[in-house]
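> My file is structure.txt. It has compact mmCIF, C-alpha atoms:
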# COMPACT_ATOMS: atom_id res chain seq x y z
CA MET A 1 105.48 34.59 88.28
CA SER A 2 101.93 34.73 89.65
CA THR A 3 101.28 36.06 93.15
CA ASP A 4 98.27 36.07 95.43
CA SER A 5 96.84 39.18 97.08
CA LYS A 6 99.48 39.06 99.82
CA GLY A 7 102.40 38.89 97.40
CA LEU A 8 103.07 35.17 97.78
CA ASP A 9 104.49 33.29 94.82
CA PHE A 10 101.35 31.27 94.13
CA GLY A 11 103.15 29.05 91.62
CA TRP A 12 105.64 28.00 94.29
CA VAL A 13 103.03 27.61 97.01
CA ARG A 14 101.08 25.42 94.59
CA THR A 15 103.98 22.88 94.74
CA LEU A 16 103.95 22.51 98.55
CA VAL A 17 102.65 19.33 100.22
CA PRO A 18 99.77 18.86 100.83
CA LEU A 19 98.71 22.28 99.49
CA LYS A 20 99.32 21.07 95.93
CA ALA A 21 96.38 18.68 96.30
CA MET A 22 93.90 21.54 96.81
CA GLY A 23 91.84 23.25 94.13
CA ASP A 24 92.65 26.90 93.41
CA ALA A 25 89.51 28.23 95.09
CA HIS A 26 90.22 26.36 98.32
CA LEU A 27 93.93 27.24 98.30
CA GLN A 28 93.18 30.92 97.73
CA GLU A 29 90.72 30.84 100.62
CA LEU A 30 93.41 29.30 102.85
CA LEU A 31 96.06 31.84 101.86
CA GLN A 32 93.77 34.73 102.76
CA HIS A 33 94.59 33.92 106.39
CA CYS A 34 98.27 32.94 105.96
CA PRO A 35 100.54 35.92 105.34
CA GLU A 36 104.21 35.42 104.55
CA GLN A 37 106.23 36.17 107.68
CA MET A 38 109.82 37.37 108.15
CA VAL A 39 111.97 35.65 110.78
CA PHE A 40 115.28 37.38 111.45
CA LYS A 41 118.65 35.75 112.04
CA GLY A 42 118.85 34.27 115.53
CA GLN A 43 115.10 34.19 116.09
CA SER A 44 113.26 30.95 116.87
CA LEU A 45 110.60 29.55 114.56
CA PHE A 46 109.46 27.12 117.27
CA GLU A 47 110.76 25.56 120.49
CA ALA A 48 111.15 21.88 121.36
CA GLY A 49 108.05 20.64 123.22
CA SER A 50 105.80 23.43 121.94
CA PHE A 51 102.34 23.12 120.39
CA ASP A 52 101.71 25.74 117.70
CA ARG A 53 99.21 23.83 115.53
CA GLN A 54 100.78 25.17 112.36
CA HIS A 55 102.25 23.85 109.13
CA ILE A 56 105.36 25.99 108.65
CA TYR A 57 106.99 26.13 105.22
CA LEU A 58 110.46 27.63 104.72
CA LEU A 59 110.33 29.87 101.65
CA HIS A 60 113.73 31.57 101.87
CA GLY A 61 116.77 31.40 104.16
CA ASP A 62 118.50 28.77 106.30
CA VAL A 63 117.14 27.17 109.48
CA GLU A 64 118.90 24.96 112.04
CA PHE A 65 117.09 22.18 113.93
CA SER A 66 118.51 21.47 117.39
CA HIS A 67 117.37 18.20 118.96
CA PRO A 68 117.48 17.51 122.74
CA ASN A 69 120.11 14.79 122.15
CA GLY A 70 122.51 17.35 120.70
CA VAL A 71 121.97 16.43 117.04
CA THR A 72 121.66 19.41 114.69
CA GLU A 73 120.46 19.70 111.09
CA ILE A 74 120.41 22.58 108.63
CA ILE A 75 117.53 23.13 106.20
CA LYS A 76 117.74 25.56 103.29
CA GLY A 77 114.76 27.42 101.83
CA ARG A 78 112.94 25.63 99.01
CA SER A 79 115.00 22.48 99.60
CA SER A 80 111.84 20.67 100.72
CA LEU A 81 108.21 20.83 99.66
CA PHE A 82 107.07 19.53 103.06
CA PRO A 83 106.36 21.53 106.22
CA LEU A 84 109.16 21.82 108.79
CA VAL A 85 109.08 18.87 111.23
CA PRO A 86 105.30 18.29 111.10
CA ILE A 87 105.04 16.82 114.61
CA GLN A 88 103.25 18.21 117.67
CA PRO A 89 104.68 18.70 120.23
CA ARG A 90 107.74 19.91 118.33
CA PRO A 91 110.62 17.41 118.80
CA CYS A 92 113.31 20.08 118.32
CA THR A 93 114.01 23.80 118.30
CA ALA A 94 114.19 25.61 114.94
CA THR A 95 116.39 28.73 114.77
CA ALA A 96 116.93 31.05 111.81
CA LEU A 97 120.60 31.01 110.71
CA THR A 98 119.86 33.81 108.25
CA ASP A 99 116.98 36.18 107.70
CA CYS A 100 114.16 33.90 106.55
CA SER A 101 110.66 34.08 105.16
CA VAL A 102 108.14 31.43 106.13
CA LEU A 103 104.54 30.59 105.40
CA ARG A 104 102.61 29.74 108.56
CA VAL A 105 99.43 27.82 107.82
CA ASN A 106 96.84 27.07 110.48
CA SER A 107 96.76 23.27 110.55
CA GLU A 108 93.06 23.04 111.40
CA GLN A 109 92.05 25.37 108.58
CA LEU A 110 94.30 23.52 106.16
CA ASP A 111 92.80 20.18 107.17
CA LYS A 112 89.23 21.46 106.70
CA LEU A 113 89.80 23.03 103.30
CA LEU A 114 91.96 20.16 102.05
CA THR A 115 89.23 17.68 102.95
CA TRP A 116 86.59 19.87 101.31
CA SER A 117 88.68 20.18 98.15
CA GLN A 118 89.42 16.45 97.97
CA VAL A 119 85.76 15.51 98.38
CA ALA A 120 84.84 18.07 95.73
CA GLU A 121 87.26 16.28 93.37
CA TYR A 122 85.59 12.98 94.26
CA LEU A 123 82.20 14.43 93.31
CA LYS A 124 83.52 15.79 90.01
CA ILE A 125 84.60 12.27 89.08
CA ASP A 126 81.37 10.81 90.41
CA THR A 127 79.30 13.02 88.10
CA ALA A 128 81.18 11.53 85.15
CA TYR A 129 79.61 8.18 86.08
CA GLN A 130 76.15 9.74 85.78
CA PRO A 131 75.40 10.78 82.16
CA GLU A 132 72.04 12.19 83.21
CA LEU A 133 73.92 14.99 85.01
CA ASP A 134 75.85 16.19 81.94
CA GLU A 135 73.75 19.33 81.55
CA ASP A 136 74.20 20.22 85.24
CA VAL A 137 77.97 19.72 85.55
CA ASP A 138 78.95 23.36 85.02
CA TRP A 139 76.79 24.89 87.73
CA MET A 140 77.53 22.00 90.10
CA LEU A 141 81.27 22.66 89.78
CA THR A 142 80.66 26.37 90.33
CA ILE A 143 78.83 25.63 93.57
CA LEU A 144 81.68 23.39 94.77
CA LYS A 145 84.02 26.37 94.43
CA SER A 146 81.76 28.71 96.39
CA ASN A 147 83.18 29.62 99.81
CA LEU A 148 79.58 29.92 101.02
CA PHE A 149 79.56 26.17 101.64
CA PHE A 150 83.04 25.76 103.13
CA LYS A 151 81.40 25.59 106.58
CA VAL A 152 79.43 22.51 105.51
CA PRO A 153 81.08 19.28 106.74
CA PRO A 154 82.77 17.47 103.82
CA THR A 155 80.55 14.45 104.47
CA ASN A 156 77.56 16.57 103.44
CA ILE A 157 78.97 18.13 100.27
CA GLY A 158 77.04 15.75 98.04
CA GLU A 159 73.83 16.68 99.85
CA ILE A 160 74.14 20.33 98.81
CA PHE A 161 72.75 19.58 95.35
CA SER A 162 69.69 17.75 96.69
CA ARG A 163 68.90 20.76 98.89
CA LEU A 164 68.98 23.24 96.00
CA LYS A 165 65.57 23.68 94.39
CA PRO A 166 65.11 25.03 90.82
CA ARG A 167 62.93 28.10 90.25
CA VAL A 168 61.98 29.40 86.81
CA VAL A 169 62.00 33.22 86.71
CA GLU A 170 61.01 35.88 84.19
CA GLN A 171 62.61 39.08 82.97
CA GLY A 172 61.75 41.98 85.31
CA GLU A 173 60.93 39.72 88.26
CA VAL A 174 62.27 41.02 91.60
CA ILE A 175 63.96 38.16 93.47
CA LEU A 176 65.17 40.07 96.53
CA ARG A 177 64.00 43.41 97.84
CA GLN A 178 66.19 45.72 99.93
CA GLY A 179 65.05 45.88 103.58
CA GLU A 180 63.20 42.55 103.58
CA VAL A 181 64.17 39.76 105.98
CA GLY A 182 66.19 37.10 104.16
CA ASP A 183 65.34 33.40 104.34
CA GLY A 184 67.53 31.86 101.64
CA CYS A 185 70.08 32.39 98.89
CA TYR A 186 70.13 31.95 95.11
CA PHE A 187 72.50 30.69 92.43
CA ILE A 188 71.91 31.79 88.85
CA LYS A 189 71.88 28.66 86.74
CA GLU A 190 70.59 30.41 83.61
CA GLY A 191 69.96 34.07 82.83
CA THR A 192 71.12 37.50 84.04
CA ALA A 193 70.14 39.92 86.78
CA GLU A 194 70.98 43.37 88.10
CA VAL A 195 71.81 44.47 91.64
CA LEU A 196 70.23 47.75 92.83
CA ARG A 197 70.64 49.67 96.09
CA SER A 198 69.01 52.72 97.64
CA LYS A 199 71.13 54.88 99.96
CA ASP A 200 68.41 55.12 102.58
CA GLY A 201 65.77 52.68 101.42
CA ILE A 202 63.57 55.55 100.27
CA GLN A 203 65.45 57.19 97.41
CA LYS A 204 65.42 55.62 93.97
CA PRO A 205 67.82 52.65 93.93
CA LEU A 206 71.03 52.93 91.90
CA HIS A 207 72.43 50.26 89.62
CA LEU A 208 75.40 48.51 91.30
CA ALA A 209 76.23 45.51 89.11
CA ASP A 210 75.10 43.01 86.51
CA ILE A 211 75.40 39.33 87.42
CA GLY A 212 75.05 36.18 85.35
CA ALA A 213 75.22 32.39 85.38
CA GLY A 214 77.24 30.95 88.25
CA ARG A 215 76.82 33.94 90.58
CA CYS A 216 75.35 33.59 94.04
CA PHE A 217 73.35 36.28 95.86
CA GLY A 218 71.47 36.61 99.12
CA GLU A 219 73.92 34.36 101.00
CA ASP A 220 74.05 36.61 104.08
CA ALA A 221 70.61 35.29 105.02
CA LEU A 222 72.06 31.80 105.55
CA VAL A 223 74.64 32.80 108.14
CA ASN A 224 73.28 36.01 109.67
CA GLU A 225 70.00 37.32 111.04
CA THR A 226 69.87 40.35 108.76
CA VAL A 227 67.72 42.16 106.23
CA ARG A 228 68.54 42.31 102.52
CA ASN A 229 71.01 45.12 101.75
CA ALA A 230 70.13 45.30 98.05
CA THR A 231 67.47 44.52 95.48
CA VAL A 232 68.06 41.90 92.76
CA ARG A 233 65.93 41.98 89.60
CA MET A 234 66.09 39.63 86.63
CA THR A 235 67.12 41.23 83.34
CA SER A 236 66.24 38.09 81.37
CA ASP A 237 64.24 34.93 81.74
CA GLY A 238 66.21 32.30 83.62
CA VAL A 239 66.51 29.51 86.18
CA LEU A 240 67.64 29.97 89.77
CA MET A 241 68.74 27.31 92.25
CA VAL A 242 67.35 28.20 95.68
CA MET A 243 68.83 27.19 99.05
CA ASP A 244 66.41 27.58 101.98
CA LYS A 245 67.92 28.64 105.31
CA GLN A 246 66.55 25.62 107.16
CA ASP A 247 68.06 23.28 104.58
CA PHE A 248 71.42 25.03 105.00
CA ILE A 249 71.24 24.53 108.78
CA ARG A 250 70.54 20.82 108.25
CA LEU A 251 73.66 20.61 106.06
CA LEU A 252 75.78 21.73 109.02
CA LYS A 253 74.95 18.57 111.00
CA GLU A 254 77.41 15.73 110.40
CA PRO A 255 76.00 12.25 109.66
CA LYS A 256 77.00 9.19 111.69
CA VAL A 257 80.03 7.39 110.27
CA ASN A 258 81.59 4.09 111.40
CA SER A 259 84.64 4.88 113.56
CA LEU A 260 87.35 2.84 115.24
CA PRO A 261 89.13 3.96 118.44
CA LEU A 262 92.90 3.77 118.55
CA THR A 263 92.76 1.05 121.21
CA ALA A 264 90.95 -1.28 118.76
CA LEU A 265 93.31 -0.72 115.81
CA GLY A 266 95.64 -3.60 116.72
CA ASN A 267 92.72 -6.05 117.03
CA VAL A 268 91.42 -5.48 113.49
CA GLN A 269 94.68 -5.18 111.55
CA GLU A 270 94.90 -8.92 110.86
CA GLN A 271 91.57 -9.12 109.06
CA ALA A 272 91.15 -5.54 107.85
CA VAL A 273 93.02 -3.70 105.09
CA LEU A 274 94.46 -0.34 106.11
CA ILE A 275 93.88 2.47 103.62
CA ASP A 276 95.83 5.73 103.86
CA VAL A 277 93.58 8.38 102.30
CA ARG A 278 96.19 11.16 102.36
CA THR A 279 97.85 12.37 99.16
CA GLU A 280 100.40 10.33 97.23
CA ASP A 281 103.20 12.65 98.37
CA GLU A 282 102.25 12.27 102.03
CA TYR A 283 102.06 8.49 101.67
CA ALA A 284 105.46 8.36 99.93
CA MET A 285 107.05 10.22 102.84
CA GLY A 286 105.87 7.53 105.26
CA HIS A 287 102.81 5.50 106.23
CA LEU A 288 101.57 2.82 108.60
CA PRO A 289 102.85 -0.73 107.94
CA GLN A 290 100.98 -2.63 105.19
CA ALA A 291 98.74 0.34 104.38
CA VAL A 292 97.69 1.00 100.79
CA ASN A 293 97.19 4.51 99.48
CA ILE A 294 93.94 5.79 97.99
CA PRO A 295 93.70 9.61 98.20
CA VAL A 296 90.16 10.89 98.79
CA SER A 297 90.21 12.68 95.43
CA LEU A 298 90.80 9.37 93.61
CA LEU A 299 88.49 7.27 95.74
CA ARG A 300 85.69 7.12 93.16
CA LEU A 301 88.09 5.86 90.48
CA LYS A 302 89.60 3.23 92.79
CA THR A 303 86.40 1.71 94.17
CA ARG A 304 86.55 -0.96 91.46
CA MET A 305 89.65 -2.29 93.27
CA LEU A 306 87.79 -2.79 96.55
CA ASP A 307 85.94 -5.92 97.64
CA LYS A 308 82.58 -5.49 99.38
CA ALA A 309 83.25 -8.67 101.38
CA GLN A 310 86.50 -7.23 102.79
CA GLU A 311 86.79 -5.01 105.86
CA TYR A 312 88.68 -1.73 105.46
CA VAL A 313 90.00 0.77 108.00
CA LEU A 314 90.80 4.23 106.68
CA TYR A 315 93.17 6.70 108.31
CA CYS A 316 94.75 10.14 107.86
CA ASP A 317 96.45 12.67 110.13
CA THR A 318 93.44 13.95 112.07
CA GLY A 319 90.54 11.71 111.07
CA ARG A 320 88.80 14.40 109.01
CA ARG A 321 89.70 13.15 105.53
CA SER A 322 89.23 9.50 106.51
CA ASN A 323 85.85 10.33 108.08
CA ALA A 324 84.65 11.83 104.79
CA ALA A 325 86.08 8.96 102.74
CA THR A 326 84.42 6.39 105.02
CA TYR A 327 81.07 8.10 104.59
CA LEU A 328 81.42 8.05 100.79
CA LEU A 329 82.32 4.34 100.76
CA GLN A 330 79.56 3.47 103.22
CA LYS A 331 77.05 4.96 100.80
CA LEU A 332 78.41 2.66 98.09
CA GLY A 333 77.94 -0.40 100.31
CA TYR A 334 81.52 -1.10 101.46
CA HIS A 335 82.44 -2.45 104.91
CA VAL A 336 84.52 0.46 106.19
CA SER A 337 85.40 2.43 109.30
CA TYR A 338 87.96 5.10 110.05
CA LEU A 339 90.55 5.65 112.77
CA ASP A 340 88.88 8.17 115.06
CA ARG A 341 91.02 11.31 115.58
CA GLY A 342 93.66 9.96 113.17
CA VAL A 343 97.31 9.15 113.78
CA ASN A 344 98.22 12.56 115.21
CA GLN A 345 96.75 11.50 118.56
CA ASP A 346 99.63 9.06 119.13
CA PRO A 347 103.28 10.25 118.86
CA ASN A 348 104.48 6.74 117.98
CA LEU A 349 102.00 6.39 115.13
CA ARG A 350 102.83 9.89 113.92
CA LEU A 351 106.54 9.03 113.81
CA GLN A 352 105.77 6.04 111.56
CA LEU A 353 104.32 8.48 109.03
CA LEU A 354 107.74 10.11 108.78
CA LYS A 355 109.57 6.87 108.00
CA ALA A 356 109.64 5.48 104.49
CA GLY A 357 108.62 1.82 104.46
CA ASP A 358 107.43 -0.78 101.98
CA ASP A 359 104.68 0.44 99.67
CA TYR A 360 101.51 -1.59 99.24
CA LEU A 361 98.78 -1.64 96.62
CA LEU A 362 95.40 -3.29 96.26
CA ARG A 363 95.02 -6.55 94.41
CA GLY A 364 91.77 -8.47 94.61
CA GLY A 365 90.63 -6.10 97.34
CA LYS A 366 93.60 -6.93 99.60
CA ALA A 367 96.94 -5.29 100.34
CA GLU A 368 99.99 -6.62 98.51
CA ARG A 369 103.53 -5.34 98.90
CA VAL A 370 104.90 -3.66 95.80
CA ASP A 371 107.51 -5.88 94.09
CA ALA A 372 106.53 -8.76 96.34
Could you write out this file's structure as structure tokens?

Amino acid sequence: MSTDSKGLDFGWVRTLVPLKAMGDAHLQELLQHCPEQMVFKGQSLFEAGSFDRQHIYLLHGDVEFSHPNGVTEIIKGRSSLFPLVPIQPRPCTATALTDCSVLRVNSEQLDKLLTWSQVAEYLKIDTAYQPELDEDVDWMLTILKSNLFFKVPPTNIGEIFSRLKPRVVEQGEVILRQGEVGDGCYFIKEGTAEVLRSKDGIQKPLHLADIGAGRCFGEDALVNETVRNATVRMTSDGVLMVMDKQDFIRLLKEPKVNSLPLTALGNVQEQAVLIDVRTEDEYAMGHLPQAVNIPVSLLRLKTRMLDKAQEYVLYCDTGRRSNAATYLLQKLGYHVSYLDRGVNQDPNLRLQLLKAGDDYLLRGGKAERVDA
């Protein structure tokens, strides 16, 4: 049984929805801020009508849901891979019938990292369509796993690579010098380097570490106004990919994407095809009527099923994943927009996502009911 740094059963957490759709690097980053919590018998996990903005997963123990109409329901630990009653405000009160352990995940952080991870998967597939990138795939995938760029909006992930500039370096060349003001960061694409640090900036620097291909250094300069805290010197010839601070700042600005307000959704449903870009598990639990499912991670594979003459409206819980997916499809020339702020803004729409309905798939660019 594998565990993360906080003792969580990572193998089990990896099966939870929608956490299972995240890459390991993104999931580990999420779990750094989500400790397992004990809830003792008789204590409340949440109250009816409350907003806690959390995905709460029951790991062990029994919990009772008490609805305002008097209906009660008992849930046992590990009996469901989904979060407990994922609706805000909470429609019921949840009380521990036994001592329980739960995983409380910040919904906003989950949404950001899930979107990032799904777009990263899209880009991995996209590179397979570009043979000229074969030699660059390894370092590109390494960069996609770097938490340095998790602050970059998912819509701009693909732009990261165009902002990185190659620099050929020689053995013995000093790349960073301790005490200097930083103005960028570096990824080692080829070669090796050593990290040195002086205790006071005057004494002879001591060897701290050797670093090689895939490692990033100097990243503090992108997010902080600070001087270099170490010296980095090449121990072989190599190639670095350089990210300038101004380019990083530009990456933080989101591009304009076609959006659709909730009030206009009913007017376009007759001519537009609804696409649910959440995961297959989320779609199977419930979705909007006549919506087809194309998860963001599979979007590049499924574009051959879309029709550039057809209008599409994409949606998800919050609008973040559908915003990123819309941007990716816009770049490919499709007529798309996304439901601004997602379905969570409307309790009635959110309830539809918890009701299993007919499944739809794309045929000829249009939605067709399965087994129709």
> Within 7 Å of (92.9, 14.8, 99.2) in the file's own coordinates, which protein, DNA or RNA residues have an atom, counting all atoms listed in the file? List them as JSON, numbers by chain.
{"A": [21, 114, 115, 117, 118, 278, 279, 295, 296, 297]}
> For the atom pair CA of Gly212 in chain A and CA of Leu27 in chain A, what is the interatomic distance in Å to one decimal place?
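We find that CA of Gly212 in chain A and CA of Leu27 in chain A lie 24.6 Å from each other.
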> What residues have an atom no more than 10 Å from (119.2, 33.2, 112.1) in the file's own frame, counting all atoms listed in the file, and can you write them as a list in words?
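Those residues lying close to the given coordinates are Val39, Phe40, Lys41, Gly42, Gln43, Ser44, Leu45, Gly61, Asp62, Val63, Glu64, Ala94, Thr95, Ala96, Leu97, Thr98, Asp99 and Cys100 of chain A.
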> Counting only C-alpha atoms, which residues in range 101-157 of chain A sit no more than 10 Å from range 75-90 of chain A? For each one, give the nearest pair of atoms and the distance in Å, sorted by chain then residue number, as a Markdown table.

| residue | atom | partner | partner_atom | distance |
| --- | --- | --- | --- | --- |
| A:Ser101 | CA | A:Gly77 | CA | 8.5 |
| A:Val102 | CA | A:Gly77 | CA | 8.9 |
| A:Leu103 | CA | A:Pro83 | CA | 9.3 |
| A:Arg104 | CA | A:Pro83 | CA | 9.3 |
| A:Val105 | CA | A:Pro83 | CA | 9.5 |
| A:Ser107 | CA | A:Pro86 | CA | 9.9 |
> Can you tell me how far CA of Lys189 in chain A sits from CA of Gln32 in chain A, in Å to one decimal?
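Computing the Euclidean distance for CA of Lys189 in chain A and CA of Gln32 in chain A yields 27.8 Å.
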> Quick one: of A:Ile160, A:Leu8, A:Leu328, A:Val257, who's nearest to Leu141 in chain A, counting all atoms listed in the file?
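Result for the nearest residue to Leu141 in chain A: A:Ile160.
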> Would you mind reading off the distance between CA of Val195 in chain A and CA of Glu170 in chain A, one decimal, in Å?
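Those two atoms sit 15.7 Å apart.
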> Nearest to Ser236 in chain A among A:Gln171, A:Asn344, A:Gln271, A:Ser162, with distances taken over all atoms listed in the file: which residue is it?
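Counting all atoms listed in the file, the residue closest to Ser236 in chain A is A:Gln171.
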> Can you pull out every residue within 10 Å of Tyr338 in chain A, counting only C-alpha atoms, but drop anything in the same chain fewer than 2 positions away, and send it as a list of chain:residue names?
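Answer for this query is A:Val257, A:Asn258, A:Ser259, A:Leu260, A:Pro261, A:Leu262, A:Leu265, A:Leu274, A:Ile275, A:Tyr312, A:Val313, A:Leu314, A:Tyr315, A:Cys316, A:Gly319, A:Arg320, A:Arg321, A:Ser322, A:Asn323, A:Ala324, A:Ala325, A:Thr326, A:Tyr327, A:Val336, A:Asp340, A:Arg341, A:Gly342.
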> Tell me, as a PyMOL selection string, which residues lie within 8 Å of Arg177 in chain A, counting all atoms listed in the file; anything in the same chain fewer than 2 positions away does not count.
chain A and resi 174-175+179-180+228+230-232
> Fewer than 2 positions away in the same chain doesn't count, so skip those; otherwise give me all residues within 12 Å of Leu353 in chain A, counting only C-alpha atoms, as JSON, numbers by chain.
{"A": [85, 86, 87, 276, 278, 281, 282, 283, 284, 285, 286, 287, 288, 289, 291, 315, 316, 317, 342, 343, 344, 346, 347, 348, 349, 350, 351, 355, 356, 357]}
> With a distance cut-off of 6 Å and only C-alpha atoms, select the neighbouring residues of range 241-256 of chain A, excluding the residue or stretch itself and same-chain residues fewer than 3 positions from it, and output the selection as a PyMOL selection string.
chain A and resi 152+164-166+183-187+222
> My list of candidates is A:Lys204, A:Lys151, A:Arg215, A:Lys331. Which is closest to Thr192 in chain A when distances are computed with only C-alpha atoms?
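That would be A:Arg215, the residue with the smallest distance to Thr192 in chain A.
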> Choose the residue, out of A:Leu113, A:Leu176, A:Val169, A:Val119, that has the smallest atom-to-atom separation from Asn156 in chain A; count all atoms listed in the file.
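Result for the nearest residue to Asn156 in chain A: A:Val119.
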> Nearest to Asn69 in chain A: which of A:Cys92, A:Met140, A:Ala193, A:Leu110 is it, counting all atoms listed in the file?
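Among the listed residues, A:Cys92 lies closest to Asn69 in chain A.
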> If you take every atom of range 354-372 of chain A that the file lists and fit an axis-aligned box around them with 5 Å extra on each side, what centre and edge lengths come out in Å to one decimal, as JSON?

{"center_x": 100.1, "center_y": 0.7, "center_z": 101.4, "size_x": 29.0, "size_y": 28.9, "size_z": 24.7}
